[in-house]
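Student: Dropping in final.csv, which is CSV, C-alpha atoms:
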chain,number,residue,atom,x,y,z
A,200,MET,CA,-22.8,-39.8,40.7
A,201,LYS,CA,-22.7,-38.5,37.2
A,202,VAL,CA,-26.1,-37.8,35.9
A,203,LEU,CA,-27.0,-37.1,32.3
A,204,ALA,CA,-30.3,-35.6,31.0
A,205,ILE,CA,-31.0,-36.8,27.5
A,206,VAL,CA,-33.2,-34.3,25.6
A,207,PRO,CA,-34.3,-35.6,22.2
A,208,ALA,CA,-35.3,-32.6,20.1
A,209,PHE,CA,-36.8,-32.4,16.6
A,210,ASN,CA,-37.8,-28.9,15.6
A,211,GLU,CA,-37.9,-27.7,19.3
A,212,GLU,CA,-36.3,-24.3,19.2
A,213,GLU,CA,-39.1,-22.9,21.4
A,214,GLY,CA,-39.4,-25.9,23.6
A,215,LEU,CA,-35.6,-25.8,24.4
A,216,LEU,CA,-35.9,-22.3,25.7
A,217,ARG,CA,-38.5,-23.6,28.2
A,218,VAL,CA,-36.3,-26.6,29.0
A,219,ALA,CA,-33.4,-24.3,29.7
A,220,ASP,CA,-35.6,-22.1,31.9
A,221,GLN,CA,-36.7,-25.1,33.9
A,222,PHE,CA,-33.2,-26.5,34.3
A,223,LYS,CA,-32.0,-23.3,36.0
A,224,GLY,CA,-31.1,-24.1,39.6
A,225,ILE,CA,-30.8,-27.8,38.9
A,226,LYS,CA,-27.3,-28.8,39.7
A,227,ASP,CA,-25.1,-31.8,39.0
A,228,VAL,CA,-27.0,-32.8,35.9
A,229,ASP,CA,-25.3,-32.5,32.4
A,230,ILE,CA,-27.7,-31.8,29.7
A,231,LEU,CA,-27.3,-33.4,26.3
A,232,VAL,CA,-29.6,-32.4,23.4
A,233,ILE,CA,-30.0,-34.9,20.6
A,234,ASN,CA,-30.8,-32.8,17.5
A,235,ASP,CA,-32.6,-35.3,15.3
A,236,CYS,CA,-31.9,-33.5,12.1
A,237,SER,CA,-34.2,-30.5,12.9
A,238,LYS,CA,-35.1,-28.1,10.1
A,239,ASP,CA,-35.3,-25.1,12.4
A,240,ALA,CA,-32.7,-23.4,14.6
A,241,THR,CA,-32.7,-26.2,17.2
A,242,PRO,CA,-28.9,-26.9,17.1
A,243,ILE,CA,-28.0,-23.2,17.2
A,244,VAL,CA,-30.4,-22.5,20.1
A,245,ALA,CA,-29.2,-25.6,22.0
A,246,ARG,CA,-25.6,-24.4,21.7
A,247,GLU,CA,-26.4,-20.9,22.7
A,248,LEU,CA,-28.1,-22.2,25.8
A,249,GLY,CA,-24.9,-24.0,26.7
A,250,PHE,CA,-26.2,-27.6,26.3
A,251,GLU,CA,-24.1,-30.4,25.0
A,252,VAL,CA,-25.4,-31.2,21.5
A,253,ILE,CA,-25.3,-34.2,19.3
A,254,ASP,CA,-26.4,-33.5,15.7
A,255,LEU,CA,-27.6,-36.6,13.9
A,256,PRO,CA,-27.0,-36.4,10.2
A,257,CYS,CA,-30.3,-38.0,9.3
A,258,ASN,CA,-33.7,-38.1,11.1
A,259,LEU,CA,-34.0,-41.3,13.1
A,260,GLY,CA,-37.2,-40.7,15.1
A,261,ILE,CA,-37.5,-40.6,18.8
A,262,GLY,CA,-36.1,-44.1,19.5
A,263,GLY,CA,-32.9,-43.7,17.5
A,264,ALA,CA,-32.3,-40.3,18.9
A,265,VAL,CA,-32.7,-41.3,22.5
A,266,GLN,CA,-30.5,-44.4,21.9
A,267,ALA,CA,-27.7,-42.1,20.6
A,268,GLY,CA,-28.0,-40.4,24.0
A,269,TYR,CA,-27.7,-43.7,25.9
A,270,LYS,CA,-24.6,-44.5,23.8
A,271,TYR,CA,-23.1,-41.2,24.8
A,272,ALA,CA,-23.9,-41.8,28.5
A,273,LEU,CA,-22.3,-45.2,28.2
A,274,ILE,CA,-19.1,-43.9,26.5
A,275,HIS,CA,-18.7,-41.1,29.0
A,276,GLY,CA,-19.3,-43.2,32.1
A,277,TYR,CA,-22.6,-41.7,33.4
A,278,ASP,CA,-24.1,-43.5,36.3
A,279,ILE,CA,-27.7,-42.3,35.6
A,280,ALA,CA,-29.4,-41.2,32.4
A,281,ILE,CA,-32.7,-39.4,32.4
A,282,GLN,CA,-34.9,-38.9,29.4
A,283,VAL,CA,-36.5,-35.5,29.3
A,284,ASP,CA,-38.7,-34.3,26.4
A,285,GLY,CA,-37.5,-31.3,24.4
A,286,ASP,CA,-40.8,-29.5,24.6
A,287,GLY,CA,-40.9,-28.5,28.2
A,288,GLN,CA,-43.7,-30.9,29.4
A,289,HIS,CA,-41.4,-32.7,31.9
A,290,ASP,CA,-40.4,-30.5,34.9
A,291,PRO,CA,-36.7,-31.2,35.8
A,292,ALA,CA,-37.6,-30.3,39.4
A,293,TYR,CA,-38.7,-33.9,39.7
A,294,ILE,CA,-35.3,-35.3,38.8
A,295,THR,CA,-34.3,-35.6,42.4
A,296,ASP,CA,-37.4,-37.8,43.0
A,297,LEU,CA,-36.7,-39.7,39.8
A,298,ILE,CA,-33.2,-40.7,40.7
A,299,GLU,CA,-33.7,-41.4,44.4
A,300,PRO,CA,-34.8,-45.0,44.0
A,301,ILE,CA,-31.8,-45.7,41.7
A,302,LYS,CA,-29.4,-44.1,44.1
A,303,ALA,CA,-30.9,-46.1,46.9
A,304,GLY,CA,-30.4,-49.2,44.7
A,305,ARG,CA,-34.1,-50.1,44.8
A,306,ALA,CA,-34.7,-49.8,41.1
A,307,ASP,CA,-33.0,-50.1,37.7
A,308,MET,CA,-35.4,-47.8,36.0
A,309,VAL,CA,-37.7,-45.2,37.4
A,310,ILE,CA,-40.7,-43.8,35.4
A,311,GLY,CA,-42.3,-40.4,36.2
A,312,SER,CA,-46.0,-41.2,36.2
A,313,ARG,CA,-48.9,-38.7,35.7
A,314,TYR,CA,-51.3,-41.2,37.1
A,315,LEU,CA,-50.0,-42.2,40.5
A,316,ARG,CA,-51.4,-39.0,42.1
A,317,LYS,CA,-53.5,-37.9,39.1
A,318,GLU,CA,-52.4,-34.3,39.3
A,319,GLY,CA,-51.5,-31.8,36.6
A,320,PHE,CA,-52.2,-32.4,32.9
A,321,GLN,CA,-53.8,-35.8,32.5
A,322,SER,CA,-53.8,-35.9,28.6
A,323,THR,CA,-57.0,-36.3,26.6
A,324,LEU,CA,-59.7,-38.9,27.5
A,325,LEU,CA,-58.9,-41.0,24.4
A,326,ARG,CA,-55.2,-41.1,25.2
A,327,ARG,CA,-55.9,-42.0,28.9
A,328,VAL,CA,-58.0,-44.9,27.6
A,329,GLY,CA,-55.2,-46.0,25.4
A,330,ILE,CA,-52.6,-45.7,28.2
A,331,ASN,CA,-54.8,-47.6,30.6
A,332,TYR,CA,-55.1,-50.3,28.0
A,333,PHE,CA,-51.3,-50.7,27.7
A,334,SER,CA,-51.1,-50.6,31.5
A,335,ASN,CA,-53.5,-53.5,31.7
A,336,LEU,CA,-51.8,-55.4,28.9
A,337,ILE,CA,-48.4,-55.1,30.6
A,338,GLN,CA,-49.9,-56.1,34.0
A,339,PHE,CA,-51.6,-59.1,32.4
A,340,LEU,CA,-48.3,-60.3,30.8
A,341,HIS,CA,-45.8,-59.4,33.4
A,342,LYS,CA,-47.8,-59.1,36.7
A,343,LYS,CA,-46.6,-55.6,37.3
A,344,ARG,CA,-48.6,-52.5,37.4
A,345,ILE,CA,-47.1,-49.6,35.4
A,346,THR,CA,-49.5,-46.8,35.6
A,347,ASP,CA,-47.9,-44.6,32.9
A,348,PRO,CA,-46.2,-46.9,30.4
A,349,THR,CA,-46.0,-44.2,27.7
A,350,SER,CA,-44.3,-41.6,29.9
A,351,GLY,CA,-41.1,-40.4,28.3
A,352,PHE,CA,-39.8,-39.0,31.6
A,353,ARG,CA,-37.6,-41.8,32.9
A,354,ALA,CA,-34.3,-42.4,34.7
A,355,CYS,CA,-32.2,-45.5,34.5
A,356,ASN,CA,-29.0,-46.8,36.0
A,357,ARG,CA,-25.8,-48.0,34.4
A,358,LYS,CA,-27.0,-51.5,33.7
A,359,VAL,CA,-30.0,-50.3,31.8
A,360,ILE,CA,-28.0,-47.6,29.9
A,361,ASP,CA,-25.8,-50.5,28.8
A,362,ILE,CA,-28.9,-52.5,27.5
A,363,PHE,CA,-30.5,-49.6,25.9
A,364,SER,CA,-27.3,-48.7,24.1
A,365,SER,CA,-27.3,-52.1,22.4
A,366,ARG,CA,-31.0,-52.4,21.7
A,367,TYR,CA,-33.7,-49.8,21.8
A,368,PRO,CA,-37.0,-49.8,19.8
A,369,ASN,CA,-37.3,-47.4,17.0
A,370,ASP,CA,-40.7,-45.8,17.1
A,371,TYR,CA,-42.9,-45.5,20.1
A,372,PRO,CA,-40.2,-47.0,22.2
A,373,GLU,CA,-41.5,-46.4,25.8
A,374,PRO,CA,-43.9,-49.3,26.4
A,375,GLU,CA,-41.8,-51.8,24.5
A,376,SER,CA,-38.6,-51.0,26.4
A,377,ILE,CA,-40.5,-51.4,29.6
A,378,VAL,CA,-41.6,-54.9,28.8
A,379,TYR,CA,-38.2,-56.1,27.8
A,380,LEU,CA,-36.8,-54.8,31.0
A,381,LEU,CA,-39.5,-56.6,32.9
A,382,ARG,CA,-38.9,-59.8,30.9
A,383,ASN,CA,-35.3,-59.7,32.0
A,384,ASN,CA,-36.2,-59.2,35.6
A,385,TYR,CA,-35.0,-55.6,36.0
A,386,ARG,CA,-36.7,-53.6,38.7
A,387,ILE,CA,-39.0,-50.7,37.6
A,388,GLU,CA,-40.4,-48.2,39.9
A,389,GLU,CA,-42.8,-45.3,39.4
A,390,VAL,CA,-42.8,-41.9,41.1
A,391,PRO,CA,-45.5,-39.3,40.8
A,392,VAL,CA,-44.8,-36.3,38.6
A,393,ILE,CA,-46.9,-33.4,37.3
A,394,MET,CA,-46.7,-32.9,33.6
A,395,LYS,CA,-47.5,-29.8,31.7
A,396,GLU,CA,-49.4,-29.5,28.4
A,397,ARG,CA,-46.9,-29.5,25.6
A,398,PHE,CA,-45.6,-26.1,24.4
A,399,GLY,CA,-44.6,-25.7,20.8
A,400,GLY,CA,-43.4,-28.6,18.7
A,401,GLU,CA,-45.5,-31.5,17.7
A,402,SER,CA,-46.3,-34.7,19.6
A,403,SER,CA,-44.9,-37.7,17.9
A,404,ILE,CA,-48.4,-39.3,18.2
A,405,ARG,CA,-51.0,-37.5,16.1
A,406,SER,CA,-54.6,-38.4,15.9
A,407,PHE,CA,-54.6,-40.1,12.5
A,408,LYS,CA,-51.7,-42.2,13.5
A,409,SER,CA,-53.3,-43.4,16.8
A,410,ILE,CA,-54.8,-46.6,15.4
A,411,TYR,CA,-51.4,-47.6,13.9
A,412,TYR,CA,-49.8,-46.7,17.2
A,413,MET,CA,-52.2,-48.9,19.2
A,414,ILE,CA,-51.8,-51.9,16.9
A,415,LYS,CA,-48.0,-51.5,16.6
A,416,VAL,CA,-47.3,-51.2,20.3
A,417,THR,CA,-49.7,-54.0,21.2
A,418,LEU,CA,-47.9,-56.3,18.7
A,419,ALA,CA,-44.5,-55.1,20.0
A,420,ILE,CA,-45.5,-56.0,23.6
A,421,ILE,CA,-47.0,-59.4,22.7
A,422,ILE,CA,-44.1,-60.4,20.4
A,423,ASP,CA,-41.6,-59.3,23.1
A,424,ASN,CA,-43.3,-61.6,25.5
A,425,MET,CA,-42.5,-64.5,23.1
A,426,ARG,CA,-38.8,-63.8,23.3
A,427,LYS,CA,-36.7,-65.7,25.8
A,428,ILE,CA,-35.4,-64.3,29.0
A,429,ARG,CA,-31.9,-62.8,28.7
A,430,PHE,CA,-32.6,-62.3,25.0
A,431,ILE,CA,-32.3,-58.6,24.6
B,180,MET,CA,-51.6,-78.1,-22.3
B,181,ILE,CA,-49.0,-75.5,-22.7
B,182,THR,CA,-48.5,-74.3,-26.3
B,183,ILE,CA,-45.1,-74.4,-27.9
B,184,LYS,CA,-45.4,-70.7,-28.5
B,185,LEU,CA,-45.7,-70.0,-24.7
B,186,GLN,CA,-42.9,-72.5,-24.0
B,187,ILE,CA,-40.6,-70.7,-26.3
B,188,ILE,CA,-41.5,-67.2,-24.9
B,189,LEU,CA,-41.0,-68.5,-21.3
B,190,LEU,CA,-37.7,-70.1,-22.2
B,191,LEU,CA,-36.3,-67.1,-24.0
B,192,ALA,CA,-37.4,-64.7,-21.3
B,193,SER,CA,-35.9,-66.8,-18.5
B,194,VAL,CA,-32.6,-67.4,-20.3
B,195,LEU,CA,-32.4,-63.7,-21.1
B,196,THR,CA,-33.0,-62.7,-17.5
B,197,PHE,CA,-30.4,-65.2,-16.4
B,198,LEU,CA,-27.8,-63.8,-18.7
B,199,VAL,CA,-28.7,-60.2,-17.8
B,200,ILE,CA,-28.2,-61.0,-14.1
B,201,ILE,CA,-24.9,-62.8,-14.7
B,202,ASN,CA,-23.7,-59.9,-16.7
B,203,LEU,CA,-24.7,-57.3,-14.0
B,204,ILE,CA,-22.9,-59.4,-11.4
B,205,ARG,CA,-19.9,-59.5,-13.7
B,206,LYS,CA,-19.9,-55.7,-14.0
B,207,TYR,CA,-20.2,-55.4,-10.2
B,208,ASN,CA,-23.6,-53.7,-10.5
B,209,LEU,CA,-25.4,-56.5,-8.7
B,210,GLU,CA,-24.4,-58.1,-5.4
B,211,LEU,CA,-24.2,-61.9,-5.9
B,212,ARG,CA,-25.7,-62.4,-2.4
B,213,TYR,CA,-28.9,-60.7,-3.4
B,214,SER,CA,-29.2,-62.2,-6.8
B,215,LEU,CA,-29.0,-65.8,-5.8
B,216,LEU,CA,-32.7,-66.0,-5.4
B,217,TRP,CA,-33.2,-64.5,-8.8
B,218,LEU,CA,-30.8,-67.0,-10.4
B,219,PHE,CA,-32.5,-69.9,-8.7
B,220,PHE,CA,-35.9,-68.8,-10.0
B,221,CYS,CA,-34.6,-68.3,-13.5
B,222,ILE,CA,-33.3,-71.9,-13.5
B,223,VAL,CA,-36.7,-73.2,-12.2
B,224,ASN,CA,-38.4,-71.2,-14.9
B,225,VAL,CA,-36.2,-72.6,-17.6
B,226,LEU,CA,-37.0,-76.1,-16.4
B,227,LEU,CA,-40.7,-75.4,-16.3
B,228,ALA,CA,-40.6,-74.0,-19.8
B,229,ALA,CA,-38.5,-76.8,-21.2
B,230,PHE,CA,-40.3,-79.7,-19.7
B,231,SER,CA,-44.0,-78.9,-20.0
B,232,ASN,CA,-45.0,-82.1,-18.2
B,233,ILE,CA,-43.7,-80.6,-14.9
B,234,ALA,CA,-46.4,-77.9,-15.1
B,235,VAL,CA,-49.0,-80.5,-16.2
B,236,ASN,CA,-48.1,-82.7,-13.2
B,237,ILE,CA,-48.2,-79.8,-10.7
B,238,ALA,CA,-51.6,-78.7,-12.1
B,239,GLY,CA,-52.9,-82.2,-11.8
B,240,LEU,CA,-51.6,-82.4,-8.2
B,241,LEU,CA,-53.3,-79.2,-7.2
B,242,SER,CA,-56.5,-79.9,-9.3
B,243,ILE,CA,-55.8,-76.9,-11.5
B,244,LYS,CA,-57.5,-77.2,-14.9
B,245,GLU,CA,-54.9,-75.5,-17.1
B,246,PRO,CA,-51.2,-76.2,-16.6
B,247,VAL,CA,-50.6,-72.5,-17.6
B,248,ASN,CA,-52.5,-71.5,-14.4
B,249,ALA,CA,-50.1,-73.6,-12.4
B,250,ILE,CA,-47.3,-71.6,-13.9
B,251,PHE,CA,-49.0,-68.4,-12.9
B,252,LEU,CA,-49.4,-69.7,-9.3
B,253,LEU,CA,-45.8,-70.7,-9.1
B,254,SER,CA,-44.6,-67.3,-10.4
B,255,PHE,CA,-46.9,-65.7,-7.8
B,256,ILE,CA,-45.2,-67.7,-5.0
B,257,PHE,CA,-41.8,-66.8,-6.4
B,258,GLN,CA,-42.6,-63.1,-6.4
B,259,PHE,CA,-43.8,-63.4,-2.8
B,260,PHE,CA,-40.5,-64.9,-1.7
B,261,LEU,CA,-38.5,-62.3,-3.6
B,262,ILE,CA,-40.5,-59.3,-2.1
B,263,PHE,CA,-40.2,-60.8,1.3
B,264,SER,CA,-36.5,-61.2,1.1
B,265,LEU,CA,-36.3,-57.5,0.2
B,266,THR,CA,-38.3,-56.6,3.3
B,267,LEU,CA,-36.0,-58.6,5.3
B,268,THR,CA,-33.0,-56.9,3.8
B,269,ILE,CA,-34.5,-53.5,4.3
B,270,SER,CA,-35.0,-54.2,8.0
B,271,ARG,CA,-31.4,-55.3,8.4
B,272,VAL,CA,-30.1,-52.3,6.5
B,273,SER,CA,-32.3,-49.9,8.4
B,274,ASN,CA,-30.9,-51.3,11.7
B,275,LYS,CA,-27.4,-50.8,10.5
B,276,PHE,CA,-28.2,-47.4,9.2
B,277,THR,CA,-29.5,-46.3,12.6
B,278,GLN,CA,-26.3,-47.4,14.2
B,279,LEU,CA,-24.2,-45.6,11.7
B,280,VAL,CA,-26.2,-42.4,12.0
B,281,GLN,CA,-25.8,-42.5,15.8
B,282,GLU,CA,-22.1,-43.2,15.5
B,283,VAL,CA,-21.6,-40.3,13.1
B,284,GLY,CA,-23.5,-38.0,15.5
B,285,LEU,CA,-21.3,-39.2,18.4
B,286,LEU,CA,-18.1,-38.7,16.4
B,287,LYS,CA,-19.2,-35.2,15.2
B,288,LYS,CA,-19.6,-34.4,18.9
B,289,GLU,CA,-16.1,-35.6,19.8
B,290,VAL,CA,-14.6,-33.7,16.8
B,291,GLU,CA,-16.3,-30.5,17.9
B,292,LYS,CA,-15.0,-31.0,21.4
B,293,LEU,CA,-11.4,-31.6,20.1
B,294,LEU,CA,-11.5,-28.6,17.8
B,295,LYS,CA,-12.7,-26.4,20.6
B,296,ALA,CA,-10.0,-27.6,23.0
B,297,ASN,CA,-7.5,-27.0,20.2
B,298,SER,CA,-8.5,-23.5,19.6
B,299,VAL,CA,-8.4,-22.7,23.3
B,300,GLU,CA,-4.8,-23.9,23.5
B,301,ARG,CA,-3.8,-21.6,20.8
Render the structure in this file as structure tokens.

Tutor:
Amino acid sequence: MKVLAIVPAFNEEEGLLRVADQFKGIKDVDILVINDCSKDATPIVARELGFEVIDLPCNLGIGGAVQAGYKYALIHGYDIAIQVDGDGQHDPAYITDLIEPIKAGRADMVIGSRYLRKEGFQSTLLRRVGINYFSNLIQFLHKKRITDPTSGFRACNRKVIDIFSSRYPNDYPEPESIVYLLRNNYRIEEVPVIMKERFGGESSIRSFKSIYYMIKVTLAIIIDNMRKIRFI
Amino acid sequence: MITIKLQIILLLASVLTFLVIINLIRKYNLELRYSLLWLFFCIVNVLLAAFSNIAVNIAGLLSIKEPVNAIFLLSFIFQFFLIFSLTLTISRVSNKFTQLVQEVGLLKKEVEKLLKANSVER
């Protein structure tokens, strides 16, 4: 099975060094860095590290960058695509766990969750409250418990790669993309992972934006619920 | 009542706007598709200015004291529509833009690969 790791990177020259370190000893996974128009040496570092690199000519934000990766995966016939953050907080050692349910045909998308075993870096209290709220909202609307809906550490199969290539939310895409997969009756499974605190780079969610984030994602989830089944 | 002076100003302004828009379309500066709404409002404006009893009737219908206030209300609504149509257009354009940027990124990647393969052959 052809497996692609999609690593969105915006000003992550230091983060990529960590990612490269962690990926040592991981075989049979191609690594594709999406350089989202970084202003630092990200594209140079990524090439020196031997990654495949896509340079976007304009900054699209996390959703647009990741979607470019899914399009690449679709064109080049990958069976599984895994999203891995460019800052080193996702340990590729878990990739085997992450793709196992897909290989076994049990799931279309697998999410690496910090909260199944509650080990490792659990994020700040406020964020945990927010994540739990989204988790409850999704459970209320779709009768399915996703413990870590904001996790960016996810693997998906060919069918989902196809869907994500044609439609993927722009900013804060994780919870929204989960609900539209659930709406279309795709199977989502979670596996426990341990995440590290982020090194270098900047989280896409900063404190002063958190209220906007909460409102926007809540609306996205609720409006998605108003769409019809099979309406991607 | 609407004064004759206001009627004339309104009439001149809307006829002038109409002509400017037509001229811009003629010179290919303005896309007809996005100016239709403007042209439509210009015509409505001309009618409102020319026949003051339209404004008077609308004011009476909405219990607005002065017909001129009815004209203000109408122009407010027009502007709302225009701005909303812009937001709609921006959303569509930004979707297309995202797709183009991704496509360019993917193509650059393929070109890079081809160039590399080429230089190895040599």

Student: Using only C-alpha atoms, what table do you get, as a tab-separated table, when you list each residue of chain A with an atom no more than 12 Å from chain B, its nearest pair of atoms, and their distance in Å rounded to one decimal, rows by chain then rising number?

Tutor:
residue	atom	partner	partner_atom	distance
A:Leu231	CA	B:Lys288	CA	10.7
A:Val232	CA	B:Lys288	CA	11.1
A:Ile233	CA	B:Gly284	CA	8.8
A:Asn234	CA	B:Gly284	CA	9.2
A:Asp235	CA	B:Gly284	CA	9.5
A:Cys236	CA	B:Gly284	CA	10.1
A:Arg246	CA	B:Glu291	CA	11.8
A:Glu251	CA	B:Lys288	CA	8.6
A:Val252	CA	B:Lys288	CA	7.1
A:Ile253	CA	B:Gly284	CA	5.7
A:Asp254	CA	B:Gly284	CA	5.4
A:Leu255	CA	B:Gly284	CA	4.6
A:Pro256	CA	B:Val280	CA	6.3
A:Cys257	CA	B:Val280	CA	6.6
A:Asn258	CA	B:Val280	CA	8.7
A:Leu259	CA	B:Thr277	CA	6.7
A:Gly260	CA	B:Thr277	CA	9.8
A:Ile261	CA	B:Thr277	CA	11.6
A:Gly262	CA	B:Thr277	CA	9.8
A:Gly263	CA	B:Thr277	CA	6.5
A:Ala264	CA	B:Gln281	CA	7.5
A:Val265	CA	B:Gln281	CA	9.7
A:Gln266	CA	B:Gln281	CA	7.9
A:Ala267	CA	B:Gln281	CA	5.2
A:Gly268	CA	B:Gln281	CA	8.7
A:Tyr269	CA	B:Gln281	CA	10.3
A:Lys270	CA	B:Leu285	CA	8.3
A:Tyr271	CA	B:Leu285	CA	6.9
A:Ala272	CA	B:Leu285	CA	10.7
A:Leu273	CA	B:Leu285	CA	11.5
A:Ile274	CA	B:Leu285	CA	9.6
A:His275	CA	B:Glu289	CA	11.0
A:Ser364	CA	B:Gln278	CA	10.0
A:Ser365	CA	B:Gln278	CA	9.5
A:Arg366	CA	B:Asn274	CA	10.1
A:Tyr367	CA	B:Asn274	CA	10.6
A:Pro368	CA	B:Asn274	CA	10.3
A:Asn369	CA	B:Thr277	CA	9.0

Student: Go ahead and save the picked residues with C-alpha atoms, as a PDB file, in the frame of the given file.

Tutor:
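File written: result-v1.pdb
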ATOM      1  CA  LEU A 231     -27.300 -33.400  26.300  1.00  0.00           C
ATOM      2  CA  VAL A 232     -29.600 -32.400  23.400  1.00  0.00           C
ATOM      3  CA  ILE A 233     -30.000 -34.900  20.600  1.00  0.00           C
ATOM      4  CA  ASN A 234     -30.800 -32.800  17.500  1.00  0.00           C
ATOM      5  CA  ASP A 235     -32.600 -35.300  15.300  1.00  0.00           C
ATOM      6  CA  CYS A 236     -31.900 -33.500  12.100  1.00  0.00           C
ATOM      7  CA  ARG A 246     -25.600 -24.400  21.700  1.00  0.00           C
ATOM      8  CA  GLU A 251     -24.100 -30.400  25.000  1.00  0.00           C
ATOM      9  CA  VAL A 252     -25.400 -31.200  21.500  1.00  0.00           C
ATOM     10  CA  ILE A 253     -25.300 -34.200  19.300  1.00  0.00           C
ATOM     11  CA  ASP A 254     -26.400 -33.500  15.700  1.00  0.00           C
ATOM     12  CA  LEU A 255     -27.600 -36.600  13.900  1.00  0.00           C
ATOM     13  CA  PRO A 256     -27.000 -36.400  10.200  1.00  0.00           C
ATOM     14  CA  CYS A 257     -30.300 -38.000   9.300  1.00  0.00           C
ATOM     15  CA  ASN A 258     -33.700 -38.100  11.100  1.00  0.00           C
ATOM     16  CA  LEU A 259     -34.000 -41.300  13.100  1.00  0.00           C
ATOM     17  CA  GLY A 260     -37.200 -40.700  15.100  1.00  0.00           C
ATOM     18  CA  ILE A 261     -37.500 -40.600  18.800  1.00  0.00           C
ATOM     19  CA  GLY A 262     -36.100 -44.100  19.500  1.00  0.00           C
ATOM     20  CA  GLY A 263     -32.900 -43.700  17.500  1.00  0.00           C
ATOM     21  CA  ALA A 264     -32.300 -40.300  18.900  1.00  0.00           C
ATOM     22  CA  VAL A 265     -32.700 -41.300  22.500  1.00  0.00           C
ATOM     23  CA  GLN A 266     -30.500 -44.400  21.900  1.00  0.00           C
ATOM     24  CA  ALA A 267     -27.700 -42.100  20.600  1.00  0.00           C
ATOM     25  CA  GLY A 268     -28.000 -40.400  24.000  1.00  0.00           C
ATOM     26  CA  TYR A 269     -27.700 -43.700  25.900  1.00  0.00           C
ATOM     27  CA  LYS A 270     -24.600 -44.500  23.800  1.00  0.00           C
ATOM     28  CA  TYR A 271     -23.100 -41.200  24.800  1.00  0.00           C
ATOM     29  CA  ALA A 272     -23.900 -41.800  28.500  1.00  0.00           C
ATOM     30  CA  LEU A 273     -22.300 -45.200  28.200  1.00  0.00           C
ATOM     31  CA  ILE A 274     -19.100 -43.900  26.500  1.00  0.00           C
ATOM     32  CA  HIS A 275     -18.700 -41.100  29.000  1.00  0.00           C
ATOM     33  CA  SER A 364     -27.300 -48.700  24.100  1.00  0.00           C
ATOM     34  CA  SER A 365     -27.300 -52.100  22.400  1.00  0.00           C
ATOM     35  CA  ARG A 366     -31.000 -52.400  21.700  1.00  0.00           C
ATOM     36  CA  TYR A 367     -33.700 -49.800  21.800  1.00  0.00           C
ATOM     37  CA  PRO A 368     -37.000 -49.800  19.800  1.00  0.00           C
ATOM     38  CA  ASN A 369     -37.300 -47.400  17.000  1.00  0.00           C
TER      39      ASN A 369
END

Student: Rounded to one decimal place, report the CA of Leu297 (chain A)-CA of Val283 (chain A) distance in Å.

Tutor: 11.3 Å

Student: Which is closer to Phe220 (chain B) than all the others in B:Ile256, B:Leu294, B:Ile187, B:Ile269, using all atoms listed in the file?

Tutor: B:Ile256

Student: Tell me, in Å to one decimal, how far CA of Gly319 (chain A) is from CA of Met394 (chain A).

Tutor: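 It comes out at 5.8 Å.
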
Student: Report, in Å with one decimal, the straight-line distance from CA of Ile281 (chain A) to CA of Met200 (chain A).

Tutor: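 Pair CA of Ile281 (chain A) / CA of Met200 (chain A) returns 12.9 Å.
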
Student: Which residue gives the smallest distance to Gln186 (chain B) among B:Ala234, B:Tyr213, B:Arg205, B:Leu198, with all atoms listed in the file counted?

Tutor: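 Looking only at the distances to Gln186 (chain B), the closest residue turns out to be B:Ala234.
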
Student: Return the single residue from A:Ser409, A:Ile377, A:Tyr293, A:Pro372 that is closest to Pro391 (chain A), with distances computed using only C-alpha atoms.

Tutor: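 Closest candidate: A:Tyr293.
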
Student: Under the rule that only C-alpha atoms are counted, which of A:Asp239, A:Asp347, A:Asp278, A:Asp220 is the nearest residue to Gly304 (chain A)?

Tutor: A:Asp278

Student: Write out as a PyMOL selection string each polymer residue whose atoms come within 10 Å of Gln288 (chain A), counting only C-alpha atoms; drop sequence neighbours fewer than 5 positions from it.

Tutor: chain A and resi 214+217-218+283+320+351-352+393-398

Student: Would you export the selected residues with C-alpha atoms as a tab-separated table (two decimals), keeping the file's coordinate frame, please?

Tutor:
chain	number	residue	atom	x	y	z
A	214	GLY	CA	-39.40	-25.90	23.60
A	217	ARG	CA	-38.50	-23.60	28.20
A	218	VAL	CA	-36.30	-26.60	29.00
A	283	VAL	CA	-36.50	-35.50	29.30
A	320	PHE	CA	-52.20	-32.40	32.90
A	351	GLY	CA	-41.10	-40.40	28.30
A	352	PHE	CA	-39.80	-39.00	31.60
A	393	ILE	CA	-46.90	-33.40	37.30
A	394	MET	CA	-46.70	-32.90	33.60
A	395	LYS	CA	-47.50	-29.80	31.70
A	396	GLU	CA	-49.40	-29.50	28.40
A	397	ARG	CA	-46.90	-29.50	25.60
A	398	PHE	CA	-45.60	-26.10	24.40

Student: Can you tell me, as a VMD selection string, which residues sit within 12 Å of (-38.2, -41.5, 40.2) in the file's frame, using only C-alpha atoms?

Tutor: chain A and resid 279 to 282 291 to 313 315 350 352 to 356 387 to 392

Student: Between A:Asn331, A:Tyr371, A:Lys238, A:Leu324, which has the minimum distance to Lys408 (chain A) (counting all atoms listed in the file)?

Tutor: A:Tyr371

Student: So which residues touch region 332-344 of chain A within 9 Å, counting all atoms listed in the file, skipping near sequence neighbours fewer than 3 positions away, as number ranges by chain?

Tutor: A: 327-329, 347-349, 374, 377-378, 381-382, 413, 416-417, 420-421, 424

Student: I'd like the contact shell of Glu212 (chain A) - 12 Å cut-off, only C-alpha atoms, skipping same-chain residues fewer than 2 positions apart - returned as a PyMOL selection string.

Tutor: chain A and resi 207-210+214-219+232+234+237-248+285-287+398-401
